[in-house]
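Here the structure is laid out as structure tokens; the discussion comes afterwards.
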Amino acid sequence: MKAYERLLNYVKVFTTSDETSESVPSTARQFDLANKLVEEMKAIGISDAHVDDKCYVYGSIPATPGCEGRPAIGFIAHMDTAPDFCGEGVSPRIIEDYDGGEVVLGESGRVLRPEDFPHLPRLKGRTLIVTDGTTLLGADDMAGIAEIMTAAERLIKGGRPHGKVLVSFTPDEEIGRGADCFDVPGFGADLAYTVDGGQENVIEYENFNAAAARIEINGFNVHPGSAKDIMINALHVACEIEAGLPMGQTPRDTEGYEGFFHLCSITGSTEHATVDYIIRDHSAEIMQARKATLRHIEKLMNEKYGEGTVTVTIKDQYQNMAEMIKPCMHLIDNACAAVREAGMEPEIEAIRGGTDGARLSFMGLPCPNLGTGGYAYHGPYEHITVEGMELAVDIILGIIKKYAE
């Protein structure tokens, strides 16, 4: 079976995670895909495939004779789709010999346009997979799962020499919990790769340092006709806090290694408001400065409106994995070699986000990220190509070959 055929099968399963849930996994529906994958893994010859009570899928392919001493390599992808947009009822469309131009996404009124996504003309001639405009596609990260499964099947059937290969599929990556219950010792890998990136020739081993900030604002509500010097409108204070952050440091205004404050939501009333931000920066030092900025604004607001008006709570989410990968750059060198053997030039990029691998690297499992061939994740414009997925499979097999040599 080809990777794209697996993807079309997997995206039928609704697996969106839920950041408001305290359960593990955050949504029980992720077990639907987990159980399906265990059955498929056993069918292709991964006899020890299983899912644990936290919805983590594990399995292994033993080393071929003579390769038992080679490093054990893990490949990891996540099963949940992002809660940013509808992930239920996905209805993909396949466009053969794509012309590189606009694509009308069903009857949604949305159009995939090269002016919005400048890479589209480079996909001309490929077989493009898109949404109907009413859901996301789910290539993030069911494409990664499909590519790992396809590589595993070919490895088992192909008879090529290889060391031990480990496979895992995780829940709740999209809400930052994908590594929470990952059994690193039980997994048994010496090194690993997440397959959770974009363009197929891109390799990533740097990512944002990340934190979430919640700001609770206690207002004071009185009749507006007699509110002079008395009323504290929590919504106005929320706007004042947003205005107090540095200009030009939002996701829209930044790229590359530039960090940001991202205002996710403001909810509430005159009496009380809650403001949620995510904070990102590749530099640990600048990240600390960003946190200090929010603390300083908290201090200023409480001095202005009274102690207890504003409370800032900051929760760290993940760190930049670069410091854990740099001592073992063979991970990157071998991935680059595999990309070249697949007929492309590798591109090293910093992730403007994070992966399970960022946290796993700090848990003792160095784990850079490989591309899946997908684009425009987390929304109705998500798309991927059949050819890109096949190249991603070739890269996985190429990396396994490198570590067997």
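Going through the structure tokens in order, the chains are called A, B, and so on, while each chain numbers its residues from 1 and the ligands are numbered from 1 in the order shown.
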(request) Identify, with DSSP run on backbone atoms, the residues in stretch 99-213 of chain A assigned to strand (DSSP E or B), and express the list as JSON, numbers by chain. (result) {"A": [103, 104, 105, 110, 111, 112, 128, 129, 130, 165, 166, 167, 168, 169, 170, 191, 192, 193, 194, 195, 196, 197, 202, 203, 204, 205, 206, 207, 209, 210, 211, 212, 213]}
Find the residues near stretch 199-214 of chain A: any atom within 8 Å, counting only C-alpha atoms, skip ones fewer than 6 places away on the same chain, and give them as a PDB file with C-alpha atoms, in the first residue's frame.
ATOM      1  CA  GLY A 259       9.861  35.319  18.454  1.00  0.00           C
ATOM      2  CA  THR A 274      -9.351  36.242  31.026  1.00  0.00           C
ATOM      3  CA  VAL A 275      -6.625  36.783  28.443  1.00  0.00           C
ATOM      4  CA  ASP A 276      -4.591  33.918  26.970  1.00  0.00           C
ATOM      5  CA  TYR A 277      -1.251  34.283  25.194  1.00  0.00           C
ATOM      6  CA  ILE A 278       1.341  31.918  23.879  1.00  0.00           C
ATOM      7  CA  ILE A 279       4.941  33.163  23.986  1.00  0.00           C
ATOM      8  CA  ARG A 280       7.651  31.883  21.655  1.00  0.00           C
ATOM      9  CA  ASP A 281      11.360  32.517  21.053  1.00  0.00           C
ATOM     10  CA  HIS A 282      14.335  30.455  19.881  1.00  0.00           C
ATOM     11  CA  SER A 283      16.626  32.277  22.320  1.00  0.00           C
ATOM     12  CA  ALA A 284      16.330  31.176  25.949  1.00  0.00           C
ATOM     13  CA  MET A 287      12.343  34.125  26.195  1.00  0.00           C
ATOM     14  CA  VAL A 312      -0.313  36.619  35.359  1.00  0.00           C
ATOM     15  CA  THR A 313       0.332  32.870  35.375  1.00  0.00           C
ATOM     16  CA  ILE A 314       3.047  31.579  33.025  1.00  0.00           C
ATOM     17  CA  LYS A 315       3.489  27.888  32.253  1.00  0.00           C
ATOM     18  CA  ASP A 316       6.511  26.589  30.338  1.00  0.00           C
ATOM     19  CA  GLN A 317       5.590  24.182  27.535  1.00  0.00           C
ATOM     20  CA  TYR A 318       8.798  23.043  25.831  1.00  0.00           C
ATOM     21  CA  GLN A 319      12.420  24.047  25.185  1.00  0.00           C
ATOM     22  CA  ASN A 320      14.627  24.449  22.133  1.00  0.00           C
ATOM     23  CA  MET A 321      15.973  20.958  21.396  1.00  0.00           C
ATOM     24  CA  ALA A 322      19.104  22.300  19.651  1.00  0.00           C
ATOM     25  CA  ILE A 325      20.897  17.542  19.256  1.00  0.00           C
ATOM     26  CA  ILE A 332      21.345  15.523  10.957  1.00  0.00           C
ATOM     27  CA  ALA A 335      19.187  12.661   7.404  1.00  0.00           C
ATOM     28  CA  CYS A 336      20.840  15.059   4.955  1.00  0.00           C
ATOM     29  CA  VAL A 339      17.522  13.423   1.432  1.00  0.00           C
ATOM     30  CA  MET A 344      16.799  16.457  -3.354  1.00  0.00           C
ATOM     31  CA  GLU A 345      18.949  19.008  -1.612  1.00  0.00           C
ATOM     32  CA  PRO A 346      18.316  19.090   2.144  1.00  0.00           C
ATOM     33  CA  GLU A 347      17.191  22.289   3.812  1.00  0.00           C
ATOM     34  CA  ILE A 348      17.874  22.870   7.499  1.00  0.00           C
ATOM     35  CA  GLU A 349      15.236  25.071   9.098  1.00  0.00           C
ATOM     36  CA  ALA A 350      14.269  26.167  12.589  1.00  0.00           C
ATOM     37  CA  ILE A 351      10.772  25.140  13.623  1.00  0.00           C
ATOM     38  CA  ARG A 352       8.458  28.032  14.388  1.00  0.00           C
ATOM     39  CA  GLY A 353       6.640  25.770  16.809  1.00  0.00           C
ATOM     40  CA  GLY A 354       7.450  22.508  18.541  1.00  0.00           C
ATOM     41  CA  ALA A 358      11.574  18.745  21.441  1.00  0.00           C
ATOM     42  CA  CYS A 367      14.852  13.449  18.284  1.00  0.00           C
ATOM     43  CA  PRO A 368      15.011  15.919  15.361  1.00  0.00           C
ATOM     44  CA  ASN A 369      12.123  16.347  12.931  1.00  0.00           C
ATOM     45  CA  LEU A 370      11.593  15.214   9.333  1.00  0.00           C
ATOM     46  CA  GLY A 371       9.183  16.609   6.751  1.00  0.00           C
ATOM     47  CA  THR A 372       6.006  14.840   5.676  1.00  0.00           C
ATOM     48  CA  GLY A 373       5.454  16.771   2.437  1.00  0.00           C
ATOM     49  CA  GLY A 374       2.470  18.671   3.835  1.00  0.00           C
ATOM     50  CA  TYR A 375       1.636  22.387   3.871  1.00  0.00           C
ATOM     51  CA  GLY A 388       6.007  14.323  -1.499  1.00  0.00           C
ATOM     52  CA  MET A 389       4.772  11.518   0.717  1.00  0.00           C
ATOM     53  CA  LEU A 391       9.831  10.938  -1.013  1.00  0.00           C
ATOM     54  CA  ALA A 392       9.308  11.131   2.759  1.00  0.00           C
TER      55      ALA A 392
END
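Counting from atom CA of A:Pro161, the distance to atom CA of A:Ile400 is 9.0 Å.
Between atom CA of A:Leu112 and atom CA of A:Lys124 the separation is 13.7 Å.
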(request) Measure the distance from atom CA of A:Gly219 to atom CA of A:Thr309 in Å and round it to one decimal. (result) 6.7 Å
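The smallest atom-to-atom distance between A:Phe260 and any of A:Ile286, A:Ala82, A:Ala243, A:Val38, using only C-alpha atoms, is found for A:Ile286.
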(request) Tell me which protein, DNA and RNA residues are within 7 Å of stretch 136-141 of chain A, counting only C-alpha atoms, leaving out same-chain ones fewer than 5 positions away, and put them as a PyMOL selection string. (result) chain A and resi 11+77-79+81+85-87+90+92+130-131+196+374+377-380+382-383
Could you save the residues just selected, with N, CA and C atoms, as an mmCIF file, in the first residue's frame?
data_model
loop_
_atom_site.group_PDB
_atom_site.id
_atom_site.type_symbol
_atom_site.label_atom_id
_atom_site.label_comp_id
_atom_site.auth_asym_id
_atom_site.auth_seq_id
_atom_site.Cartn_x
_atom_site.Cartn_y
_atom_site.Cartn_z
ATOM 1 N N VAL A 11 -7.515 9.636 7.702
ATOM 2 C CA VAL A 11 -8.192 10.912 7.953
ATOM 3 C C VAL A 11 -9.698 10.762 8.137
ATOM 4 N N ALA A 77 5.250 9.681 15.241
ATOM 5 C CA ALA A 77 4.287 10.647 14.702
ATOM 6 C C ALA A 77 3.103 10.713 15.662
ATOM 7 N N HIS A 78 2.283 11.736 15.517
ATOM 8 C CA HIS A 78 1.152 11.873 16.459
ATOM 9 C C HIS A 78 -0.184 11.644 15.769
ATOM 10 N N MET A 79 -1.121 11.132 16.554
ATOM 11 C CA MET A 79 -2.425 10.734 16.022
ATOM 12 C C MET A 79 -3.470 11.831 16.073
ATOM 13 N N THR A 81 -5.364 15.470 15.710
ATOM 14 C CA THR A 81 -5.352 16.629 14.827
ATOM 15 C C THR A 81 -5.663 17.879 15.652
ATOM 16 N N PHE A 85 -9.309 23.940 14.044
ATOM 17 C CA PHE A 85 -10.324 23.930 12.987
ATOM 18 C C PHE A 85 -10.971 22.549 12.979
ATOM 19 N N CYS A 86 -12.127 22.436 12.375
ATOM 20 C CA CYS A 86 -12.890 21.184 12.383
ATOM 21 C C CYS A 86 -12.076 20.021 11.813
ATOM 22 N N GLY A 87 -12.024 18.922 12.570
ATOM 23 C CA GLY A 87 -11.321 17.733 12.117
ATOM 24 C C GLY A 87 -12.232 16.542 11.913
ATOM 25 N N VAL A 90 -13.810 14.605 7.455
ATOM 26 C CA VAL A 90 -12.846 15.019 6.430
ATOM 27 C C VAL A 90 -13.176 14.332 5.105
ATOM 28 N N PRO A 92 -11.376 14.395 1.601
ATOM 29 C CA PRO A 92 -10.289 14.867 0.737
ATOM 30 C C PRO A 92 -10.646 14.791 -0.751
ATOM 31 N N VAL A 130 -6.263 17.831 -1.334
ATOM 32 C CA VAL A 130 -6.768 19.020 -0.650
ATOM 33 C C VAL A 130 -8.030 18.669 0.131
ATOM 34 N N THR A 131 -8.524 19.638 0.893
ATOM 35 C CA THR A 131 -9.774 19.485 1.641
ATOM 36 C C THR A 131 -10.949 20.003 0.815
ATOM 37 N N ASP A 196 6.975 14.893 11.359
ATOM 38 C CA ASP A 196 5.890 15.805 11.718
ATOM 39 C C ASP A 196 6.134 17.200 11.145
ATOM 40 N N GLY A 374 3.721 17.934 3.690
ATOM 41 C CA GLY A 374 2.470 18.671 3.835
ATOM 42 C C GLY A 374 2.674 20.166 4.011
ATOM 43 N N TYR A 377 -0.838 23.568 7.502
ATOM 44 C CA TYR A 377 -1.485 22.777 8.544
ATOM 45 C C TYR A 377 -2.450 23.605 9.388
ATOM 46 N N HIS A 378 -3.354 22.897 10.061
ATOM 47 C CA HIS A 378 -4.269 23.426 11.080
ATOM 48 C C HIS A 378 -5.433 24.218 10.501
ATOM 49 N N GLY A 379 -5.756 24.029 9.251
ATOM 50 C CA GLY A 379 -6.876 24.768 8.702
ATOM 51 C C GLY A 379 -7.384 24.174 7.404
ATOM 52 N N PRO A 380 -8.359 24.814 6.790
ATOM 53 C CA PRO A 380 -9.013 24.268 5.593
ATOM 54 C C PRO A 380 -8.134 24.278 4.345
ATOM 55 N N GLU A 382 -5.069 23.162 4.230
ATOM 56 C CA GLU A 382 -4.050 22.119 4.353
ATOM 57 C C GLU A 382 -4.022 21.256 3.092
ATOM 58 N N HIS A 383 -2.810 20.929 2.638
ATOM 59 C CA HIS A 383 -2.674 20.111 1.433
ATOM 60 C C HIS A 383 -1.352 19.358 1.443
#
(message) Applying 12 Å and only C-alpha atoms, which residues near A:Gly244 remain after dropping the ones on its own chain fewer than 5 positions away? List them as a ChimeraX atom specification.
(response) /A:237-239,249,261,293-298,300-301
Write a file of the just-selected residues containing N, CA and C atoms, as a PDB file, in the first residue's frame.
ATOM      1  N   VAL A 237      -8.965  46.904  30.629  1.00  0.00           N
ATOM      2  CA  VAL A 237      -7.634  46.563  31.156  1.00  0.00           C
ATOM      3  C   VAL A 237      -6.969  45.531  30.249  1.00  0.00           C
ATOM      4  N   ALA A 238      -7.760  44.569  29.761  1.00  0.00           N
ATOM      5  CA  ALA A 238      -7.220  43.574  28.833  1.00  0.00           C
ATOM      6  C   ALA A 238      -6.664  44.239  27.579  1.00  0.00           C
ATOM      7  N   CYS A 239      -7.402  45.202  27.052  1.00  0.00           N
ATOM      8  CA  CYS A 239      -6.937  45.931  25.865  1.00  0.00           C
ATOM      9  C   CYS A 239      -5.683  46.736  26.175  1.00  0.00           C
ATOM     10  N   GLN A 249       5.621  42.347  17.221  1.00  0.00           N
ATOM     11  CA  GLN A 249       6.075  41.059  17.741  1.00  0.00           C
ATOM     12  C   GLN A 249       4.900  40.095  17.875  1.00  0.00           C
ATOM     13  N   PHE A 261       4.677  37.363  20.812  1.00  0.00           N
ATOM     14  CA  PHE A 261       3.566  37.194  21.740  1.00  0.00           C
ATOM     15  C   PHE A 261       2.324  36.967  20.872  1.00  0.00           C
ATOM     16  N   THR A 293       8.605  40.852  30.642  1.00  0.00           N
ATOM     17  CA  THR A 293       7.745  41.928  30.137  1.00  0.00           C
ATOM     18  C   THR A 293       6.323  41.776  30.658  1.00  0.00           C
ATOM     19  N   LEU A 294       5.801  40.557  30.614  1.00  0.00           N
ATOM     20  CA  LEU A 294       4.450  40.330  31.120  1.00  0.00           C
ATOM     21  C   LEU A 294       4.372  40.562  32.629  1.00  0.00           C
ATOM     22  N   ARG A 295       5.414  40.164  33.347  1.00  0.00           N
ATOM     23  CA  ARG A 295       5.434  40.398  34.795  1.00  0.00           C
ATOM     24  C   ARG A 295       5.459  41.894  35.111  1.00  0.00           C
ATOM     25  N   HIS A 296       6.199  42.642  34.278  1.00  0.00           N
ATOM     26  CA  HIS A 296       6.283  44.085  34.495  1.00  0.00           C
ATOM     27  C   HIS A 296       4.932  44.753  34.229  1.00  0.00           C
ATOM     28  N   ILE A 297       4.248  44.306  33.174  1.00  0.00           N
ATOM     29  CA  ILE A 297       2.919  44.850  32.884  1.00  0.00           C
ATOM     30  C   ILE A 297       1.957  44.527  34.023  1.00  0.00           C
ATOM     31  N   GLU A 298       2.055  43.310  34.568  1.00  0.00           N
ATOM     32  CA  GLU A 298       1.237  42.943  35.729  1.00  0.00           C
ATOM     33  C   GLU A 298       1.463  43.928  36.876  1.00  0.00           C
ATOM     34  N   LEU A 300       2.646  47.042  36.717  1.00  0.00           N
ATOM     35  CA  LEU A 300       2.135  48.381  36.381  1.00  0.00           C
ATOM     36  C   LEU A 300       0.614  48.456  36.513  1.00  0.00           C
ATOM     37  N   MET A 301      -0.081  47.430  36.046  1.00  0.00           N
ATOM     38  CA  MET A 301      -1.544  47.430  36.118  1.00  0.00           C
ATOM     39  C   MET A 301      -2.032  47.412  37.576  1.00  0.00           C
TER      40      MET A 301
END
(request) Run DSSP on the backbone of this structure and report the residues of stretch 166-347 of chain A it assigns to alpha helix (DSSP H), as JSON, numbers by chain. (result) {"A": [184, 185, 186, 187, 234, 235, 236, 237, 238, 239, 240, 241, 242, 243, 244, 284, 285, 286, 287, 288, 289, 290, 291, 292, 293, 294, 295, 296, 297, 298, 299, 300, 301, 302, 303, 304, 305, 322, 323, 324, 325, 330, 331, 332, 333, 334, 335, 336, 337, 338, 339, 340, 341]}
Give me the residues within 9 Å of A:Leu155 as an mmCIF file with C-alpha atoms, in the first residue's frame, counting only C-alpha atoms and dropping any in the same chain fewer than 6 places off.
data_model
loop_
_atom_site.group_PDB
_atom_site.id
_atom_site.type_symbol
_atom_site.label_atom_id
_atom_site.label_comp_id
_atom_site.auth_asym_id
_atom_site.auth_seq_id
_atom_site.Cartn_x
_atom_site.Cartn_y
_atom_site.Cartn_z
ATOM 1 C CA ILE A 61 11.065 -4.459 13.983
ATOM 2 C CA PRO A 161 19.870 -5.113 6.236
ATOM 3 C CA HIS A 162 18.861 -2.880 9.134
ATOM 4 C CA LEU A 397 14.294 4.144 4.594
#
